[in-house]
file query-v6.txt (compact mmCIF, C-alpha atoms and all ligand atoms)
# COMPACT_ATOMS: atom_id res chain seq x y z
CA MET A 1190 -5.91 11.38 -35.57
CA ASN A 1191 -8.16 8.33 -35.27
CA GLY A 1192 -8.85 6.49 -32.01
CA THR A 1193 -6.26 3.77 -32.47
CA ALA A 1194 -3.52 6.23 -33.36
CA ALA A 1195 -4.48 8.47 -30.41
CA ARG A 1196 -4.30 5.48 -28.05
CA ALA A 1197 -0.91 4.43 -29.44
CA ASP A 1198 0.28 7.98 -28.99
CA ALA A 1199 -0.97 8.13 -25.38
CA GLU A 1200 0.77 4.81 -24.70
CA THR A 1201 4.08 6.09 -26.09
CA THR A 1202 3.88 9.25 -23.97
CA ALA A 1203 2.90 7.33 -20.83
CA ARG A 1204 5.63 4.78 -21.35
CA ALA A 1205 8.24 7.52 -21.71
CA ALA A 1206 7.01 9.10 -18.45
CA LEU A 1207 7.40 5.78 -16.62
CA LEU A 1208 10.71 4.83 -18.24
CA TRP A 1209 12.23 8.10 -17.10
CA ARG A 1210 11.28 7.22 -13.51
CA CYS A 1211 12.64 3.69 -13.82
CA TRP A 1212 16.00 4.78 -15.28
CA PRO A 1213 16.45 8.42 -14.16
CA ASP A 1214 19.91 8.91 -15.69
CA GLY A 1215 19.28 6.59 -18.62
CA THR A 1216 21.78 3.96 -17.43
CA LYS A 1217 20.13 0.55 -17.50
CA PHE A 1218 21.33 -2.34 -15.38
CA CYS A 1219 20.44 -5.94 -14.70
CA PRO A 1220 17.81 -6.33 -11.96
CA ARG A 1221 19.42 -9.58 -10.89
CA CYS A 1222 23.19 -8.82 -10.68
CA ARG A 1223 23.12 -5.04 -11.32
CA ALA A 1224 25.71 -5.25 -14.11
CA GLN A 1225 25.34 -2.28 -16.48
CA SER A 1226 24.90 -2.04 -20.23
CA PRO A 1227 22.62 -4.96 -21.06
CA TYR A 1228 22.25 -5.57 -24.76
CA ALA A 1229 18.99 -5.21 -26.61
CA LEU A 1230 17.03 -8.17 -27.97
CA ALA A 1231 13.88 -8.11 -30.07
CA GLU A 1232 10.60 -6.65 -28.75
CA GLY A 1233 12.18 -4.41 -26.14
CA ARG A 1234 13.78 -7.21 -24.18
CA LEU A 1235 17.23 -6.81 -22.69
CA ARG A 1236 19.88 -9.36 -21.79
CA CYS A 1237 22.55 -9.02 -19.13
CA GLY A 1238 26.05 -9.61 -20.51
CA ALA A 1239 27.27 -10.75 -17.09
CA CYS A 1240 24.63 -13.24 -15.86
CA ARG A 1241 22.63 -13.78 -19.10
CA TYR A 1242 19.35 -12.81 -17.41
CA THR A 1243 16.71 -11.68 -19.91
CA PHE A 1244 14.47 -8.87 -18.73
CA HIS A 1245 12.62 -5.78 -19.88
CA ASP A 1246 12.42 -2.20 -18.66
CA PHE A 1247 9.81 -2.88 -15.96
CA THR A 1248 11.03 -6.28 -14.71
CA GLY A 1249 11.21 -6.48 -10.92
CA ARG A 1250 9.30 -3.22 -10.40
CA TRP A 1251 5.94 -2.82 -8.71
CA LEU A 1252 4.08 -1.74 -11.86
CA ASN A 1253 5.06 -5.04 -13.45
CA LEU A 1254 2.87 -6.95 -10.95
CA SER A 1255 -0.14 -5.98 -13.00
CA GLY A 1256 -0.92 -6.33 -16.69
CA LEU A 1257 -1.90 -2.69 -17.10
CA SER A 1258 -0.47 -0.73 -20.01
CA ALA A 1259 1.57 2.38 -19.25
CA ALA A 1260 -1.36 4.61 -20.25
CA GLN A 1261 -3.74 2.68 -18.00
CA TRP A 1262 -1.32 2.97 -15.07
CA LEU A 1263 -1.05 6.70 -15.63
CA ASP A 1264 -4.83 7.17 -15.81
CA LEU A 1265 -5.36 5.03 -12.72
CA ALA A 1266 -2.65 6.79 -10.68
CA ARG A 1267 -3.93 10.21 -11.76
CA ALA A 1268 -7.44 9.34 -10.56
CA PHE A 1269 -6.12 7.86 -7.30
CA ALA A 1270 -4.04 10.99 -6.69
CA VAL A 1271 -7.25 13.02 -6.56
CA ASP A 1272 -8.80 10.48 -4.22
CA ALA A 1273 -10.94 8.46 -6.62
CA ASN A 1274 -12.40 5.24 -5.21
CA THR A 1275 -11.90 1.91 -6.99
CA ARG A 1276 -14.98 2.29 -9.18
CA GLU A 1277 -14.04 5.80 -10.29
CA ALA A 1278 -10.42 4.79 -10.89
CA ALA A 1279 -11.60 1.83 -13.01
CA LEU A 1280 -13.68 4.18 -15.15
CA ALA A 1281 -10.81 6.63 -15.54
CA ALA A 1282 -8.45 3.88 -16.73
CA ASN A 1283 -11.16 2.11 -18.75
CA ILE A 1284 -10.59 -1.23 -16.99
CA SER A 1285 -12.82 -3.56 -14.98
CA TYR A 1286 -13.48 -3.04 -11.29
CA ASN A 1287 -11.54 -6.21 -10.38
CA THR A 1288 -8.54 -5.20 -12.46
CA ALA A 1289 -8.57 -1.76 -10.83
CA PHE A 1290 -8.89 -3.29 -7.36
CA LYS A 1291 -5.81 -5.46 -7.98
CA ALA A 1292 -3.83 -2.62 -9.54
CA LEU A 1293 -4.65 -0.34 -6.59
CA THR A 1294 -3.44 -3.10 -4.26
CA VAL A 1295 -0.14 -2.98 -6.17
CA LEU A 1296 -0.05 0.81 -5.87
CA ARG A 1297 -0.77 0.64 -2.13
CA LEU A 1298 1.98 -1.98 -1.69
CA ALA A 1299 4.35 0.27 -3.65
CA ILE A 1300 3.45 3.25 -1.42
CA LEU A 1301 3.99 1.19 1.72
CA ALA A 1302 7.33 -0.08 0.37
CA GLN A 1303 8.61 3.52 0.20
CA GLY A 1304 8.42 3.94 3.98
CA ALA A 1305 11.28 3.54 6.44
CA ASP A 1306 9.27 0.75 8.09
CA ALA A 1307 8.70 -1.19 4.86
CA ARG A 1308 10.88 -4.14 5.81
CA GLN A 1309 8.89 -4.65 9.00
CA LEU A 1310 5.49 -4.21 7.32
CA LEU A 1311 6.30 -6.55 4.44
CA GLY A 1312 7.63 -9.13 6.88
CA ARG A 1313 6.00 -12.12 8.43
CA GLN A 1314 3.89 -10.45 11.09
CA THR A 1315 1.49 -8.64 8.76
CA GLY A 1316 1.32 -11.38 6.14
CA LEU A 1317 1.47 -8.66 3.44
CA GLY A 1318 4.33 -10.44 1.69
CA ASP A 1319 1.88 -13.25 0.89
CA LEU A 1320 -0.06 -10.87 -1.37
CA PHE A 1321 2.57 -11.30 -4.07
CA SER A 1322 5.37 -13.65 -5.01
CA SER A 1323 7.58 -14.37 -8.01
CA GLY A 1324 6.45 -11.26 -9.79
CA ARG A 1325 2.69 -11.79 -9.42
CA LEU A 1326 -0.17 -10.77 -7.19
CA CYS A 1327 -1.47 -13.82 -5.36
CA PRO A 1328 -5.03 -14.94 -5.98
CA ALA A 1329 -6.12 -15.73 -2.40
CA PRO A 1330 -4.85 -12.80 -0.35
CA ASP A 1331 -7.55 -12.72 2.30
CA THR A 1332 -6.79 -15.82 4.31
CA PRO A 1333 -6.53 -14.90 7.99
CA VAL A 1334 -3.20 -13.77 9.41
CA GLY A 1335 -1.87 -15.64 12.44
CA GLU A 1336 -1.86 -12.99 15.12
CA VAL A 1337 -3.57 -9.70 14.37
CA PRO A 1338 -0.94 -6.91 14.34
CA VAL A 1339 -1.44 -3.65 16.22
CA TYR A 1340 -0.51 -0.18 14.95
CA GLY A 1341 0.17 2.98 16.93
CA ILE A 1342 -0.78 6.52 15.87
CA LEU A 1343 1.87 9.09 16.76
CA THR A 1344 1.36 12.80 16.08
CA GLN A 1345 4.27 15.20 15.69
CA GLY A 1346 3.12 18.70 14.80
CA ARG A 1347 1.27 18.53 11.49
CA ARG A 1348 2.60 15.06 10.73
CA VAL A 1349 1.46 11.65 11.78
CA PHE A 1350 3.33 8.37 11.98
CA VAL A 1351 1.52 5.07 11.91
CA ASP A 1352 3.86 2.41 13.30
CA MET A 1353 3.43 -1.28 13.72
CA VAL A 1354 3.93 -2.09 17.40
CA PRO A 1355 5.55 -5.50 17.04
CA GLU A 1356 5.38 -6.46 20.71
CA LEU A 1357 1.58 -6.17 20.74
CA THR A 1358 -1.21 -8.22 19.17
CA ALA A 1359 -4.99 -7.92 19.27
CA GLU A 1360 -4.89 -10.20 22.29
CA SER A 1361 -2.75 -7.67 24.20
CA VAL A 1362 -5.32 -4.97 23.47
CA LEU A 1363 -8.13 -7.14 24.85
CA HIS A 1364 -5.99 -7.88 27.90
CA PHE A 1365 -5.30 -4.15 28.53
CA ASN A 1366 -9.00 -3.45 28.07
CA HIS A 1367 -9.93 -6.03 30.68
CA ASN A 1368 -7.20 -5.69 33.23
CA PHE A 1369 -6.01 -2.10 32.88
CA HIS A 1370 -9.27 -0.40 31.87
CA LEU A 1371 -7.92 0.68 28.49
CA ARG A 1372 -10.81 2.35 26.66
CA VAL A 1373 -11.54 0.81 23.27
CA ALA A 1374 -14.01 1.88 20.58
CA ARG A 1375 -15.15 -0.39 17.78
CA LEU A 1376 -15.77 0.42 14.13
CA GLY A 1377 -16.80 -2.80 12.39
CA HIS A 1378 -13.76 -5.05 12.63
CA ILE A 1379 -11.54 -2.12 13.59
CA LEU A 1380 -10.64 -1.28 17.19
CA ILE A 1381 -9.17 2.05 18.35
CA THR A 1382 -7.87 2.42 21.89
CA ASP A 1383 -7.21 5.24 24.27
CA ARG A 1384 -3.67 6.67 24.54
CA TYR A 1385 -0.95 4.10 25.00
CA LYS A 1386 2.59 5.21 25.87
CA THR A 1387 3.50 7.94 23.32
CA TYR A 1388 0.72 6.93 20.92
CA ASP A 1389 -2.55 8.80 20.52
CA GLY A 1390 -4.13 5.39 20.26
CA LEU A 1391 -3.58 1.84 19.10
CA VAL A 1392 -5.54 0.60 16.13
CA LEU A 1393 -6.11 -2.85 14.67
CA CYS A 1394 -8.39 -4.61 12.24
CA GLY A 1395 -9.34 -8.12 13.24
CA ASP A 1396 -11.54 -10.74 11.67
CA ASP A 1397 -14.36 -12.98 12.84
CA ARG A 1398 -12.01 -15.00 15.04
CA LEU A 1399 -11.48 -12.04 17.34
CA PRO A 1400 -13.84 -12.15 20.38
CA TYR A 1401 -15.24 -8.64 20.03
CA HIS A 1402 -18.05 -9.52 22.46
CA TYR A 1403 -15.39 -9.84 25.14
CA LEU A 1404 -14.61 -6.09 25.09
CA LEU A 1405 -15.52 -4.16 28.22
CA ARG A 1406 -17.06 -0.70 27.99
CA HIS A 1407 -15.35 1.85 30.15
CA GLN A 1408 -16.66 5.34 30.76
CA GLY A 1409 -15.75 7.90 28.09
CA SER A 1410 -14.38 7.39 24.61
CA PRO A 1411 -10.77 6.87 23.52
CA PHE A 1412 -8.64 10.01 23.19
CA ALA A 1413 -8.22 9.61 19.42
CA GLU A 1414 -11.98 9.84 18.87
CA SER A 1415 -11.78 13.55 19.65
CA GLY A 1416 -8.08 14.37 20.02
CA SER A 1417 -6.39 12.91 16.92
CA PRO A 1418 -7.03 14.86 13.71
CA PHE A 1419 -5.48 11.98 11.76
CA TRP A 1420 -7.80 9.42 13.30
CA LEU A 1421 -10.87 11.56 12.59
CA TYR A 1422 -9.72 11.84 8.96
CA ALA A 1423 -8.83 8.14 8.68
CA ARG A 1424 -11.95 6.85 10.41
CA ASP A 1425 -14.27 8.34 7.82
CA ARG A 1426 -12.16 6.95 4.97
CA LEU A 1427 -11.85 3.49 6.50
CA ARG A 1428 -15.62 3.25 6.73
CA GLN A 1429 -15.81 3.57 2.94
CA PHE A 1430 -13.15 1.04 1.95
CA LYS A 1431 -14.38 -2.22 0.55
CA GLY A 1432 -12.26 -5.32 0.98
CA LEU A 1433 -10.85 -4.28 4.35
CA SER A 1434 -9.30 -7.25 6.15
CA ALA A 1435 -6.74 -7.86 8.86
CA ARG A 1436 -4.13 -8.56 6.21
CA ARG A 1437 -4.92 -5.58 3.96
CA PHE A 1438 -5.36 -3.10 6.83
CA PRO A 1439 -1.75 -1.76 6.84
CA LEU A 1440 -2.09 -0.96 3.12
CA TYR A 1441 -4.94 1.41 3.89
CA LEU A 1442 -3.29 2.84 7.00
CA LYS A 1443 -0.11 3.67 5.11
CA GLU A 1444 -2.06 5.17 2.21
CA LEU A 1445 -3.97 7.39 4.63
CA GLU A 1446 -0.77 8.34 6.49
CA LEU A 1447 0.73 9.51 3.18
CA ARG A 1448 -2.41 11.36 2.07
CA TYR A 1449 -2.64 13.08 5.45
CA ASN A 1450 1.03 14.10 5.62
CA ARG A 1451 1.13 15.26 2.00
CA ARG A 1452 -2.33 16.82 2.01
CA ASP A 1453 -1.16 19.99 0.24
CA GLU A 1454 0.88 18.21 -2.43
CA ASP A 1455 0.28 16.67 -5.82
CA LEU A 1456 0.47 12.95 -5.11
CA LEU A 1457 0.83 11.78 -8.72
CA PRO A 1458 4.67 12.05 -8.91
CA LEU A 1459 4.95 10.20 -5.59
CA PHE A 1460 2.66 7.42 -6.81
CA LEU A 1461 4.52 7.04 -10.11
CA ASP A 1462 7.91 6.94 -8.40
CA ALA A 1463 6.60 4.29 -6.01
CA LEU A 1464 5.24 2.17 -8.89
CA CYS A 1465 8.53 2.40 -10.79
CA ALA A 1466 10.68 1.46 -7.79
CA PRO A 1467 12.18 -2.04 -7.67
CA ILE A 1468 10.35 -4.50 -5.41
CA PRO A 1469 12.72 -4.92 -2.45
CA ALA A 1470 14.45 -8.29 -2.29
CA THR A 1471 13.14 -8.87 1.23
CA ALA A 1472 9.61 -8.62 -0.12
CA ALA A 1473 9.95 -10.58 -3.32
ZN ZN B 1 22.83 -9.81 -14.59
call {"tool": "encode", "arguments": {"input": "query-v6.txt", "output": "structure tokens"}}
result
Amino acid sequence: MNGTAARADAETTARAALLWRCWPDGTKFCPRCRAQSPYALAEGRLRCGACRYTFHDFTGRWLNLSGLSAAQWLDLARAFAVDANTREAALAANISYNTAFKALTVLRLAILAQGADARQLLGRQTGLGDLFSSGRLCPAPDTPVGEVPVYGILTQGRRVFVDMVPELTAESVLHFNHNFHLRVARLGHILITDRYKTYDGLVLCGDDRLPYHYLLRHQGSPFAESGSPFWLYARDRLRQFKGLSARRFPLYLKELELRYNRRDEDLLPLFLDALCAPIPATAA
């Protein structure tokens, strides 16, 4: 088989693997009105008999936010499942670094959207919803968010939960640090606090507008710095991420939460299911 034929073959196989996850029982329906049995048009397009909407198999799903082919998605997800960084994932999928960075943003959004707290995280407070709209990734995602959200790390046995704590902002953390002697450690733009209520620590990623110089040093280091296995794992990873910002921070936290909780599992099926899931209406 020559190169072109081999690539076409790989694309057919990859596409079948993704289609099966999009339409598990083979029944197709309209992404707009959910009416079943659309009829087929040319070039793989489908049309809804009820509302006349024209779509294709991946319309309205996370993987459709990027122009990657099915084979490129599969190669990228496979590399990411074994913890490749952006550069390594780009090489594996034979795409540019920037294309891989954007596609991994889509994958991270898709992972986050699988969580029970997706509606909250894709809502206004994080600004994550601004990363995409009308079926596209947005070009200027790193404008500052209004108030920097705060996340809590909760350990239950071998599992960890990273929750947004909607009643708190970065400002509350500075206030607790000043007035209630809450211990806070700094890692670049990231702050981790001592225990707070049931949380092992609160964590946030600010930007240059946050008055880091205002932090007070209290004796000792926050509990999580020695007592949270998840934080010790996440801290080392967070140091290596490029493109970390207040807005993108929850994407990385939720990725690390999943990797930590599923550390003994093959992540590829989870990633592919996430990519093939419909983008929730609240987030679109
Ligand atoms: Zn329809």
call {"tool": "closest_residue", "arguments": {"input": "query-v6.txt", "among": "A:Asn1368, A:Gln1303, A:Asn1191, A:Ser1226", "to": "ligand ZN 1 (chain B)", "atoms": "only C-alpha atoms and all ligand atoms"}}
result
A:Ser1226
call {"tool": "residues_near_ligand", "arguments": {"input": "query-v6.txt", "ligand": "ligand ZN 1 (chain B)", "cutoff": "12 Å", "atoms": "all atoms listed in the file", "output": "compact mmCIF listing (two decimals) with C-alpha atoms, in the coordinates of the input"}}
result
# COMPACT_ATOMS: atom_id res chain seq x y z
CA LYS A 1217 20.13 0.55 -17.50
CA PHE A 1218 21.33 -2.34 -15.38
CA CYS A 1219 20.44 -5.94 -14.70
CA PRO A 1220 17.81 -6.33 -11.96
CA ARG A 1221 19.42 -9.58 -10.89
CA CYS A 1222 23.19 -8.82 -10.68
CA ARG A 1223 23.12 -5.04 -11.32
CA ALA A 1224 25.71 -5.25 -14.11
CA GLN A 1225 25.34 -2.28 -16.48
CA SER A 1226 24.90 -2.04 -20.23
CA PRO A 1227 22.62 -4.96 -21.06
CA TYR A 1228 22.25 -5.57 -24.76
CA LEU A 1235 17.23 -6.81 -22.69
CA ARG A 1236 19.88 -9.36 -21.79
CA CYS A 1237 22.55 -9.02 -19.13
CA GLY A 1238 26.05 -9.61 -20.51
CA ALA A 1239 27.27 -10.75 -17.09
CA CYS A 1240 24.63 -13.24 -15.86
CA ARG A 1241 22.63 -13.78 -19.10
CA TYR A 1242 19.35 -12.81 -17.41
CA THR A 1243 16.71 -11.68 -19.91
CA PHE A 1244 14.47 -8.87 -18.73
call {"tool": "closest_residue", "arguments": {"input": "query-v6.txt", "among": "A:Leu1257, A:Ala1266, A:Arg1313, A:Pro1418", "to": "Phe1460 in chain A", "atoms": "all atoms listed in the file"}}
result
A:Ala1266
call {"tool": "atom_distance", "arguments": {"input": "query-v6.txt", "atom1": "CA of Asp1462 in chain A", "atom2": "CA of Gln1345 in chain A"}}
result
25.7 Å
call {"tool": "atom_distance", "arguments": {"input": "query-v6.txt", "atom1": "CA of Val1354 in chain A", "atom2": "CA of Leu1296 in chain A"}}
result
23.8 Å
call {"tool": "residues_around", "arguments": {"input": "query-v6.txt", "residues": "Tyr1449 in chain A", "least_positions_apart": "3", "cutoff": "10 Å", "atoms": "only C-alpha atoms", "output": "list in words"}}
result
Arg1347, Arg1348, Val1349, Pro1418, Phe1419, Tyr1422, Ala1423, Lys1443, Glu1444, Leu1445, Glu1446, Arg1452 and Asp1453 of chain A
call {"tool": "write_last_selection", "arguments": {"input": "query-v6.txt", "atoms": "C-alpha atoms", "output": "CSV table (one decimal), in the coordinates of the input"}}
result
chain,number,residue,atom,x,y,z
A,1347,ARG,CA,1.3,18.5,11.5
A,1348,ARG,CA,2.6,15.1,10.7
A,1349,VAL,CA,1.5,11.6,11.8
A,1418,PRO,CA,-7.0,14.9,13.7
A,1419,PHE,CA,-5.5,12.0,11.8
A,1422,TYR,CA,-9.7,11.8,9.0
A,1423,ALA,CA,-8.8,8.1,8.7
A,1443,LYS,CA,-0.1,3.7,5.1
A,1444,GLU,CA,-2.1,5.2,2.2
A,1445,LEU,CA,-4.0,7.4,4.6
A,1446,GLU,CA,-0.8,8.3,6.5
A,1452,ARG,CA,-2.3,16.8,2.0
A,1453,ASP,CA,-1.2,20.0,0.2
call {"tool": "residues_around", "arguments": {"input": "query-v6.txt", "residues": "Phe1438 in chain A", "least_positions_apart": "2", "cutoff": "12 Å", "atoms": "all atoms listed in the file", "output": "number ranges by chain"}}
result
A: 1294, 1297-1298, 1301, 1310, 1315-1317, 1331, 1333-1334, 1337-1340, 1351, 1353, 1378-1380, 1392-1396, 1423, 1427, 1430-1436, 1440-1445
